[in-house]
>>> print(open('work37.tsv').read())   # TSV, C-alpha atoms and all ligand atoms
chain	number	residue	atom	x	y	z
A	11	MET	CA	-26.13	25.31	21.61
A	12	LEU	CA	-24.53	28.68	21.23
A	13	ILE	CA	-26.14	32.09	21.30
A	14	ARG	CA	-25.39	34.74	18.74
A	15	THR	CA	-24.50	38.19	20.00
A	16	GLN	CA	-25.08	41.39	18.14
A	17	GLN	CA	-21.53	42.39	17.68
A	18	ASP	CA	-19.39	39.62	16.39
A	19	GLY	CA	-19.85	36.38	17.98
A	20	PHE	CA	-21.19	33.42	19.73
A	21	ILE	CA	-21.03	32.94	23.40
A	22	HIS	CA	-21.62	29.97	25.57
A	23	PRO	CA	-25.03	30.19	27.19
A	24	PHE	CA	-23.41	29.72	30.58
A	25	SER	CA	-21.41	32.90	30.23
A	26	SER	CA	-21.63	35.15	33.26
A	27	GLU	CA	-22.14	38.04	30.88
A	28	ILE	CA	-25.58	36.94	29.77
A	29	THR	CA	-27.05	34.78	32.47
A	30	SER	CA	-29.03	36.04	35.44
A	31	PRO	CA	-27.39	35.71	38.85
A	32	GLU	CA	-29.56	32.72	39.80
A	33	VAL	CA	-28.67	30.89	36.65
A	34	TYR	CA	-25.05	31.89	37.07
A	35	ALA	CA	-25.10	30.30	40.51
A	36	ASN	CA	-26.27	27.10	38.85
A	37	ARG	CA	-23.50	27.26	36.32
A	38	ARG	CA	-22.25	23.76	37.00
A	39	GLN	CA	-25.66	22.30	36.34
A	40	LEU	CA	-26.02	24.43	33.26
A	41	LEU	CA	-22.67	23.25	32.04
A	42	ARG	CA	-23.74	19.64	32.38
A	43	GLN	CA	-26.97	20.39	30.56
A	44	TRP	CA	-25.08	22.13	27.83
A	45	SER	CA	-22.73	19.25	27.18
A	46	ALA	CA	-25.58	16.73	27.36
A	47	GLY	CA	-27.58	18.93	25.00
A	48	ALA	CA	-24.77	19.19	22.51
A	49	ALA	CA	-24.39	15.43	22.54
A	50	ALA	CA	-28.14	14.85	22.23
A	51	LEU	CA	-28.30	17.14	19.24
A	52	GLY	CA	-25.51	15.08	17.73
A	53	MET	CA	-23.66	18.27	17.09
A	54	GLY	CA	-20.88	17.22	14.77
A	55	SER	CA	-17.54	18.87	14.90
A	56	TRP	CA	-18.27	20.76	11.71
A	57	ALA	CA	-21.43	22.33	13.12
A	58	GLN	CA	-19.59	23.17	16.29
A	59	ARG	CA	-16.65	24.58	14.40
A	60	GLU	CA	-18.88	26.60	12.12
A	61	ALA	CA	-20.45	28.14	15.18
A	62	PHE	CA	-17.07	29.03	16.57
A	63	ALA	CA	-15.82	30.14	13.20
A	64	GLN	CA	-18.48	32.80	12.78
A	65	GLY	CA	-18.65	32.24	9.09
A	66	SER	CA	-14.96	31.89	8.33
A	67	SER	CA	-15.14	30.16	4.95
A	68	ALA	CA	-11.46	29.99	4.15
A	69	ALA	CA	-10.80	27.51	6.95
A	70	VAL	CA	-9.72	23.99	6.04
A	71	LYS	CA	-11.80	21.25	7.56
A	72	LEU	CA	-9.79	19.30	10.09
A	73	PRO	CA	-10.61	15.91	11.61
A	74	ALA	CA	-12.78	15.99	14.71
A	75	LEU	CA	-11.16	15.18	18.02
A	76	PRO	CA	-13.70	13.86	20.53
A	77	ALA	CA	-13.35	15.12	24.07
A	78	THR	CA	-15.24	15.24	27.34
A	79	GLN	CA	-15.71	18.42	29.36
A	80	SER	CA	-12.98	18.72	31.97
A	81	GLY	CA	-13.79	18.50	35.65
A	82	VAL	CA	-10.46	20.04	36.65
A	83	GLN	CA	-10.88	23.10	38.86
A	84	GLY	CA	-10.59	26.33	36.90
A	85	ALA	CA	-10.48	24.50	33.56
A	86	MET	CA	-13.68	26.01	32.16
A	87	THR	CA	-13.63	29.78	32.09
A	88	VAL	CA	-17.07	31.29	31.49
A	89	GLU	CA	-15.69	34.11	29.40
A	90	LYS	CA	-16.67	34.54	25.79
A	91	VAL	CA	-14.70	32.24	23.52
A	92	THR	CA	-12.50	33.89	20.86
A	93	SER	CA	-13.69	33.20	17.33
A	94	TYR	CA	-11.99	30.30	15.53
A	95	LYS	CA	-11.02	32.72	12.82
A	96	ASP	CA	-9.18	35.06	15.20
A	97	ALA	CA	-7.55	32.16	17.06
A	98	THR	CA	-6.16	30.76	13.81
A	99	SER	CA	-5.14	33.95	12.04
A	100	TYR	CA	-3.40	35.99	14.76
A	101	ASN	CA	-0.56	33.80	15.99
A	102	ASN	CA	2.98	33.66	17.24
A	103	PHE	CA	5.00	30.81	15.74
A	104	TYR	CA	8.37	32.33	14.90
A	105	GLU	CA	9.46	29.26	12.96
A	106	PHE	CA	7.09	30.52	10.26
A	107	GLY	CA	7.85	34.23	10.49
A	108	LEU	CA	7.54	37.16	12.84
A	109	ASP	CA	4.26	38.63	11.61
A	110	LYS	CA	1.03	37.65	13.36
A	111	THR	CA	-0.36	36.55	10.00
A	112	ASP	CA	2.71	34.51	8.96
A	113	PRO	CA	1.79	31.24	10.71
A	114	ALA	CA	-1.66	31.10	9.07
A	115	ARG	CA	-0.03	31.84	5.74
A	116	TYR	CA	2.98	29.53	5.87
A	117	ALA	CA	2.47	26.80	8.47
A	118	HIS	CA	0.52	24.62	6.03
A	119	THR	CA	3.89	23.23	4.91
A	120	LEU	CA	4.57	21.77	8.37
A	121	LYS	CA	4.78	18.00	8.03
A	122	THR	CA	2.90	16.44	10.95
A	123	THR	CA	2.76	12.80	9.82
A	124	PRO	CA	4.49	10.72	10.92
A	125	TRP	CA	4.99	12.38	14.30
A	126	SER	CA	5.93	11.05	17.66
A	127	ILE	CA	7.05	12.60	20.89
A	128	GLU	CA	10.06	11.16	22.61
A	129	VAL	CA	10.14	11.09	26.39
A	130	GLU	CA	13.67	10.79	27.74
A	131	GLY	CA	16.02	11.68	30.56
A	132	LEU	CA	15.49	10.94	34.22
A	133	VAL	CA	12.53	8.54	33.98
A	134	LYS	CA	12.09	4.83	34.69
A	135	LYS	CA	10.13	4.28	31.50
A	136	PRO	CA	11.43	6.33	28.60
A	137	THR	CA	8.97	6.12	25.74
A	138	ARG	CA	7.89	7.39	22.37
A	139	PHE	CA	4.21	8.09	21.73
A	140	ASN	CA	1.81	9.70	19.31
A	141	LEU	CA	-1.79	10.92	19.19
A	142	GLU	CA	-3.21	7.42	18.65
A	143	ASP	CA	-1.42	6.15	21.77
A	144	VAL	CA	-2.83	9.00	23.84
A	145	MET	CA	-6.35	8.26	22.64
A	146	LYS	CA	-5.94	4.69	23.91
A	147	TRP	CA	-4.80	5.96	27.32
A	148	GLY	CA	-8.06	7.73	28.05
A	149	ALA	CA	-10.54	10.37	27.01
A	150	MET	CA	-9.28	13.70	25.82
A	151	GLN	CA	-10.61	16.65	27.79
A	152	GLU	CA	-11.91	19.96	26.59
A	153	ARG	CA	-10.76	22.94	28.65
A	154	ILE	CA	-11.54	26.57	27.99
A	155	TYR	CA	-8.46	28.56	28.94
A	156	ARG	CA	-7.39	32.15	28.63
A	157	LEU	CA	-3.97	32.49	27.04
A	158	ARG	CA	-2.14	35.80	27.45
A	159	CYS	CA	0.81	36.77	25.31
A	160	VAL	CA	3.64	38.74	26.89
A	161	GLU	CA	2.96	41.32	24.16
A	162	GLY	CA	-0.29	42.34	25.86
A	163	TRP	CA	-3.08	40.49	24.05
A	164	SER	CA	-5.13	37.50	25.07
A	165	MET	CA	-7.59	34.95	23.76
A	166	VAL	CA	-10.01	32.40	25.21
A	167	ILE	CA	-9.71	29.06	23.48
A	168	PRO	CA	-11.49	25.70	23.89
A	169	TRP	CA	-8.44	23.43	23.93
A	170	ILE	CA	-8.55	19.65	23.75
A	171	GLY	CA	-5.86	17.63	25.40
A	172	TYR	CA	-4.45	15.25	27.89
A	173	SER	CA	-3.27	16.20	31.33
A	174	LEU	CA	0.53	16.40	31.27
A	175	SER	CA	0.55	15.01	34.82
A	176	ASP	CA	-1.05	11.77	33.55
A	177	LEU	CA	1.73	11.34	31.02
A	178	ILE	CA	4.34	12.08	33.68
A	179	LYS	CA	2.88	9.41	35.96
A	180	ARG	CA	3.04	6.88	33.11
A	181	VAL	CA	6.78	7.38	32.57
A	182	GLU	CA	7.69	7.36	36.29
A	183	PRO	CA	10.24	10.14	36.83
A	184	LEU	CA	13.24	9.38	39.04
A	185	PRO	CA	13.56	11.36	42.29
A	186	SER	CA	16.44	13.27	40.67
A	187	ALA	CA	14.11	14.71	37.97
A	188	LYS	CA	13.38	18.28	39.07
A	189	PHE	CA	12.47	19.99	35.78
A	190	VAL	CA	10.86	19.12	32.47
A	191	GLU	CA	12.25	20.46	29.23
A	192	PHE	CA	10.18	20.69	26.04
A	193	VAL	CA	11.93	20.65	22.69
A	194	THR	CA	10.00	21.67	19.58
A	195	GLN	CA	10.36	20.83	15.90
A	196	VAL	CA	13.13	22.22	13.68
A	197	ASP	CA	12.68	21.59	9.97
A	198	PRO	CA	14.58	23.99	7.71
A	199	GLN	CA	12.71	22.52	4.71
A	200	THR	CA	9.36	23.80	5.91
A	201	MET	CA	10.11	26.54	8.45
A	202	PRO	CA	11.21	29.76	6.76
A	203	GLY	CA	11.40	31.57	10.12
A	204	LEU	CA	14.39	29.50	11.21
A	205	ARG	CA	16.54	31.91	9.24
A	206	SER	CA	15.82	34.65	11.76
A	207	GLY	CA	18.42	34.78	14.45
A	208	TYR	CA	16.30	35.77	17.46
A	209	ILE	CA	16.08	32.25	18.75
A	210	ASP	CA	18.77	29.62	19.04
A	211	TRP	CA	16.64	26.89	17.42
A	212	PRO	CA	15.02	24.60	18.38
A	213	PHE	CA	12.62	26.64	20.48
A	214	THR	CA	12.74	25.07	23.93
A	215	GLU	CA	10.75	25.67	27.07
A	216	GLY	CA	10.73	24.29	30.58
A	217	LEU	CA	8.70	23.85	33.72
A	218	ARG	CA	9.55	22.94	37.29
A	219	MET	CA	8.27	19.44	38.10
A	220	ASP	CA	5.40	20.69	40.29
A	221	GLU	CA	4.30	23.08	37.52
A	222	ALA	CA	4.39	20.25	35.00
A	223	MET	CA	2.39	18.07	37.39
A	224	HIS	CA	-0.26	20.74	38.02
A	225	PRO	CA	-3.72	19.55	36.89
A	226	LEU	CA	-4.17	22.66	34.70
A	227	THR	CA	-1.06	21.96	32.58
A	228	LEU	CA	-2.34	20.57	29.31
A	229	LEU	CA	-0.65	18.64	26.53
A	230	SER	CA	-2.95	19.85	23.80
A	231	PHE	CA	-3.78	18.00	20.59
A	232	GLY	CA	-6.67	20.10	19.36
A	233	MET	CA	-9.03	23.01	19.74
A	234	TYR	CA	-12.63	23.90	18.85
A	235	GLY	CA	-13.57	20.22	18.61
A	236	GLU	CA	-10.90	19.34	16.08
A	237	VAL	CA	-7.24	18.40	15.82
A	238	MET	CA	-4.75	21.24	16.25
A	239	PRO	CA	-4.41	23.60	13.27
A	240	LYS	CA	-0.82	23.82	12.12
A	241	GLN	CA	-0.46	27.52	12.94
A	242	ASN	CA	-1.48	26.75	16.53
A	243	GLY	CA	1.20	24.09	16.99
A	244	ALA	CA	0.09	20.83	15.37
A	245	PRO	CA	0.13	18.06	16.21
A	246	VAL	CA	0.86	18.71	19.86
A	247	ARG	CA	1.68	21.72	21.99
A	248	LEU	CA	1.66	22.68	25.60
A	249	VAL	CA	-0.86	25.04	27.21
A	250	VAL	CA	0.13	26.48	30.59
A	251	PRO	CA	-2.67	28.99	31.19
A	252	TRP	CA	-1.17	30.94	34.12
A	253	LYS	CA	2.06	31.70	32.24
A	254	TYR	CA	2.80	33.98	29.31
A	255	GLY	CA	1.97	32.41	25.94
A	256	PHE	CA	5.55	31.65	24.94
A	257	LYS	CA	5.79	29.01	27.68
A	258	SER	CA	3.24	27.01	25.67
A	259	GLY	CA	5.63	25.50	23.11
A	260	LYS	CA	4.19	24.42	19.76
A	261	SER	CA	4.91	21.29	17.73
A	262	ILE	CA	6.71	19.42	20.51
A	263	VAL	CA	9.06	16.55	19.58
A	264	LYS	CA	10.81	15.84	22.87
A	265	ILE	CA	9.94	15.91	26.56
A	266	ARG	CA	13.04	15.56	28.66
A	267	PHE	CA	13.28	15.10	32.44
A	268	VAL	CA	16.31	16.83	33.92
A	269	GLU	CA	17.88	17.66	37.26
A	270	LYS	CA	18.91	21.28	36.66
A	271	GLN	CA	16.74	24.18	35.55
A	272	PRO	CA	17.00	24.07	31.75
A	273	MET	CA	17.87	27.04	29.56
A	274	VAL	CA	14.70	28.25	27.84
A	275	SER	CA	14.62	30.04	24.49
A	276	TRP	CA	13.41	33.52	25.45
A	277	ALA	CA	15.44	33.79	28.63
A	278	LYS	CA	18.46	32.81	26.56
A	279	ALA	CA	17.66	35.35	23.83
A	280	ALA	CA	16.92	38.26	26.19
A	281	PRO	CA	17.80	37.39	29.80
A	282	GLN	CA	17.05	40.87	31.10
A	283	GLU	CA	13.50	40.67	29.70
A	284	TYR	CA	12.40	37.07	30.20
A	285	GLY	CA	12.97	34.67	33.05
A	286	PHE	CA	12.42	30.97	33.54
A	287	TYR	CA	9.09	31.31	35.33
A	288	SER	CA	7.28	33.87	33.15
A	289	ASN	CA	4.13	33.77	35.24
A	290	VAL	CA	1.50	36.29	34.17
A	291	ASN	CA	1.92	39.08	36.70
A	292	PRO	CA	0.37	42.55	36.29
A	293	LEU	CA	2.69	43.88	39.02
A	294	VAL	CA	5.92	43.04	37.24
A	295	ASP	CA	6.44	45.23	34.20
A	296	HIS	CA	8.33	44.05	31.18
A	297	PRO	CA	11.42	46.33	30.96
A	298	ARG	CA	9.89	47.97	27.87
A	299	TRP	CA	6.16	48.02	28.69
A	300	SER	CA	3.62	47.60	31.45
A	301	GLN	CA	1.89	44.26	31.97
A	302	ALA	CA	-1.07	45.74	33.85
A	303	MET	CA	-3.58	45.59	30.98
A	304	GLU	CA	-4.40	43.42	28.01
A	305	ARG	CA	-6.38	43.54	24.78
A	306	ARG	CA	-8.72	40.63	24.13
A	307	ILE	CA	-8.40	39.61	20.48
A	308	GLY	CA	-11.73	40.09	18.71
A	309	GLU	CA	-12.72	43.04	20.85
A	310	GLY	CA	-11.03	45.54	18.59
A	311	GLY	CA	-12.38	48.46	16.64
A	312	LEU	CA	-14.98	50.81	18.04
A	313	PHE	CA	-15.67	48.67	21.06
A	314	GLU	CA	-12.06	48.17	22.02
A	315	LYS	CA	-11.62	48.11	25.71
A	316	LYS	CA	-8.58	47.03	27.59
A	317	ARG	CA	-8.94	44.58	30.40
A	318	LYS	CA	-6.98	44.43	33.60
A	319	THR	CA	-4.51	41.59	33.55
A	320	LEU	CA	-5.11	39.28	36.47
A	321	MET	CA	-2.49	37.74	38.72
A	322	PHE	CA	-1.48	34.38	37.26
A	323	ASN	CA	-3.83	35.21	34.38
A	324	GLY	CA	-6.82	34.62	36.67
A	325	TYR	CA	-5.64	31.18	37.83
A	326	GLU	CA	-4.34	32.47	41.17
A	327	ALA	CA	-6.66	30.29	43.25
A	328	GLN	CA	-5.33	27.19	41.53
A	329	VAL	CA	-1.60	27.94	41.24
A	330	ALA	CA	-0.49	30.58	43.76
A	331	SER	CA	0.52	27.89	46.27
A	332	LEU	CA	3.20	26.66	43.86
A	333	TYR	CA	5.06	29.92	44.44
A	334	ALA	CA	4.46	30.44	48.16
A	335	GLY	CA	7.46	32.16	49.71
A	336	MET	CA	9.09	32.97	46.37
A	337	ASP	CA	9.95	36.53	45.42
A	338	LEU	CA	8.02	36.88	42.16
A	339	VAL	CA	9.85	40.09	41.22
A	340	LYS	CA	13.19	38.29	41.31
A	341	ASN	CA	11.80	35.06	39.91
A	342	PHE	CA	10.01	36.58	36.91
A	401	LIG	N1	7.54	26.43	18.77
A	401	LIG	C1	7.00	27.61	19.12
A	401	LIG	N2	6.03	27.63	20.08
A	401	LIG	C2	5.46	28.81	20.45
A	401	LIG	C3	5.89	30.03	19.86
A	401	LIG	C4	6.90	29.97	18.86
A	401	LIG	O1	7.32	30.99	18.29
A	401	LIG	N3	7.41	28.74	18.51
A	401	LIG	N4	5.31	31.21	20.27
A	401	LIG	C5	4.70	31.24	21.60
A	401	LIG	C6	3.95	32.46	21.88
A	401	LIG	S1	4.88	33.87	22.07
A	401	LIG	C7	2.61	32.48	22.08
A	401	LIG	S2	1.81	33.88	22.61
A	401	LIG	C8	1.78	31.26	21.82
A	401	LIG	C9	0.70	31.62	20.83
A	401	LIG	O2	-0.19	30.56	20.63
A	401	LIG	P1	-1.40	30.74	19.61
A	401	LIG	O3	-0.84	31.26	18.32
A	401	LIG	O4	-2.01	29.38	19.46
A	401	LIG	O5	-2.35	31.72	20.23
A	401	LIG	O6	2.54	30.18	21.29
A	401	LIG	C10	3.83	30.01	21.88
A	401	LIG	N5	4.47	28.80	21.39
A	402	MO	MO	3.54	35.39	23.11
>>> encode(input="work37.tsv", output="structure tokens", more="lines below")
Ligand SMILES: Nc1nc2c(c(=O)[nH]1)N[C@H]1C(S)=C(S)[C@@H](COP(=O)(O)O)O[C@H]1N2
Ligand SMILES: [Mo]
Amino acid sequence: MLIRTQQDGFIHPFSSEITSPEVYANRRQLLRQWSAGAAALGMGSWAQREAFAQGSSAAVKLPALPATQSGVQGAMTVEKVTSYKDATSYNNFYEFGLDKTDPARYAHTLKTTPWSIEVEGLVKKPTRFNLEDVMKWGAMQERIYRLRCVEGWSMVIPWIGYSLSDLIKRVEPLPSAKFVEFVTQVDPQTMPGLRSGYIDWPFTEGLRMDEAMHPLTLLSFGMYGEVMPKQNGAPVRLVVPWKYGFKSGKSIVKIRFVEKQPMVSWAKAAPQEYGFYSNVNPLVDHPRWSQAMERRIGEGGLFEKKRKTLMFNGYEAQVASLYAGMDLVKNF
């Protein structure tokens, strides 16, 4: 169950902010109890969503997406979860416009059925799959990740998804595959933002193979117990929690295994401002602003306080070894 706070929300009872140090030390046990408790109560997705939604009535009911709590290290932050309402009304999805409110307003036109993701390039077993296939492969996992936008705001979202590394193992990359490129949907019929010239559409992103294989990298099909809302990248998007938000491409149609570092949309659009890696790094300023602090969405108004941005968005213990020996100022 969730606990209501005075100000504006619900927090998980295992949050470090409300539990005593002894209980905090037993967080793992508490976590298990919590998930068992939620199951025992038969908490349906609607009840769960309502709790997260904090009374957002305008929201459309989406199908539930069952998931088990992830055991991956670092996958369950204990920070307060952003409200469903904030997470679905303050978005970046330039295909639907440049305003934060545009995706919630216009993405309902996105056609997500039928949808399949093509896996191609340097793999032994090229394939095409959809959500139903993934559900046959194994249980979806819930993971509570921070996501920080390069613009200086962040959220904490309970994502549901499948480990990208598990998909990669299924398709058996060739030794020559060194990078993975993600290509997202382009549909001029439904995406009014395509008319803007900032991006050379489709929006593409990329990861080095070891980044793509990292256990934290999530191919995400849902959030808050349900399938992905369109404004958040339905039906499938990436979530790479230690990188700036734009690396987490929405509405993916192609996953391509390649030998050379692929061009990625933002580095192509503004090479002096965005690089291939785009790891969250408070020590490397954006040429036009500092990256030292961030604003947590939902903590606005009177109580607004900025937080210090953490190295690798707080996932340093899990991912720093991927970049050992690399100059992170040069490789930004
Ligand atoms: N296809 C596509 N994916 C995208 C974007 C986009 O404009 N188009 N914006 C990115 C940016 S800048 C961020 S911060 C995150 C935002 O995800 P959210 O709206 O679910 O919080 O999505 C990323 N994925
Ligand atoms: Mo972003």
>>> atom_distance(input="work37.tsv", atom1="CA of Phe286 in chain A", atom2="CA of Thr92 in chain A")
28.1 Å
>>> residues_near_ligand(input="work37.tsv", ligand="ligand LIG 401 (chain A)", cutoff="9 Å", atoms="only C-alpha atoms and all ligand atoms", output="ChimeraX atom specification")
/A:97-108,110,113,157-161,163-165,167,193-196,209,212-215,239,241-243,247-249,254-262
>>> atom_distance(input="work37.tsv", atom1="CA of Ile154 in chain A", atom2="CA of Glu128 in chain A")
27.1 Å
>>> closest_residue(input="work37.tsv", among="A:Met219, A:Val237, A:Val129, A:Val290", to="ligand MO 402 (chain A)", atoms="only C-alpha atoms and all ligand atoms")
A:Val290
>>> atom_distance(input="work37.tsv", atom1="CA of Pro225 in chain A", atom2="CA of Ala85 in chain A")
9.0 Å
>>> residues_near_point(input="work37.tsv", point="(13.9, 13.8, 28.9)", cutoff="6 Å", atoms="all atoms listed in the file", output="compact mmCIF listing (two decimals) with C-alpha atoms, in the coordinates of the input")
# COMPACT_ATOMS: atom_id res chain seq x y z
CA VAL A 129 10.14 11.09 26.39
CA GLU A 130 13.67 10.79 27.74
CA GLY A 131 16.02 11.68 30.56
CA ILE A 265 9.94 15.91 26.56
CA ARG A 266 13.04 15.56 28.66
CA PHE A 267 13.28 15.10 32.44
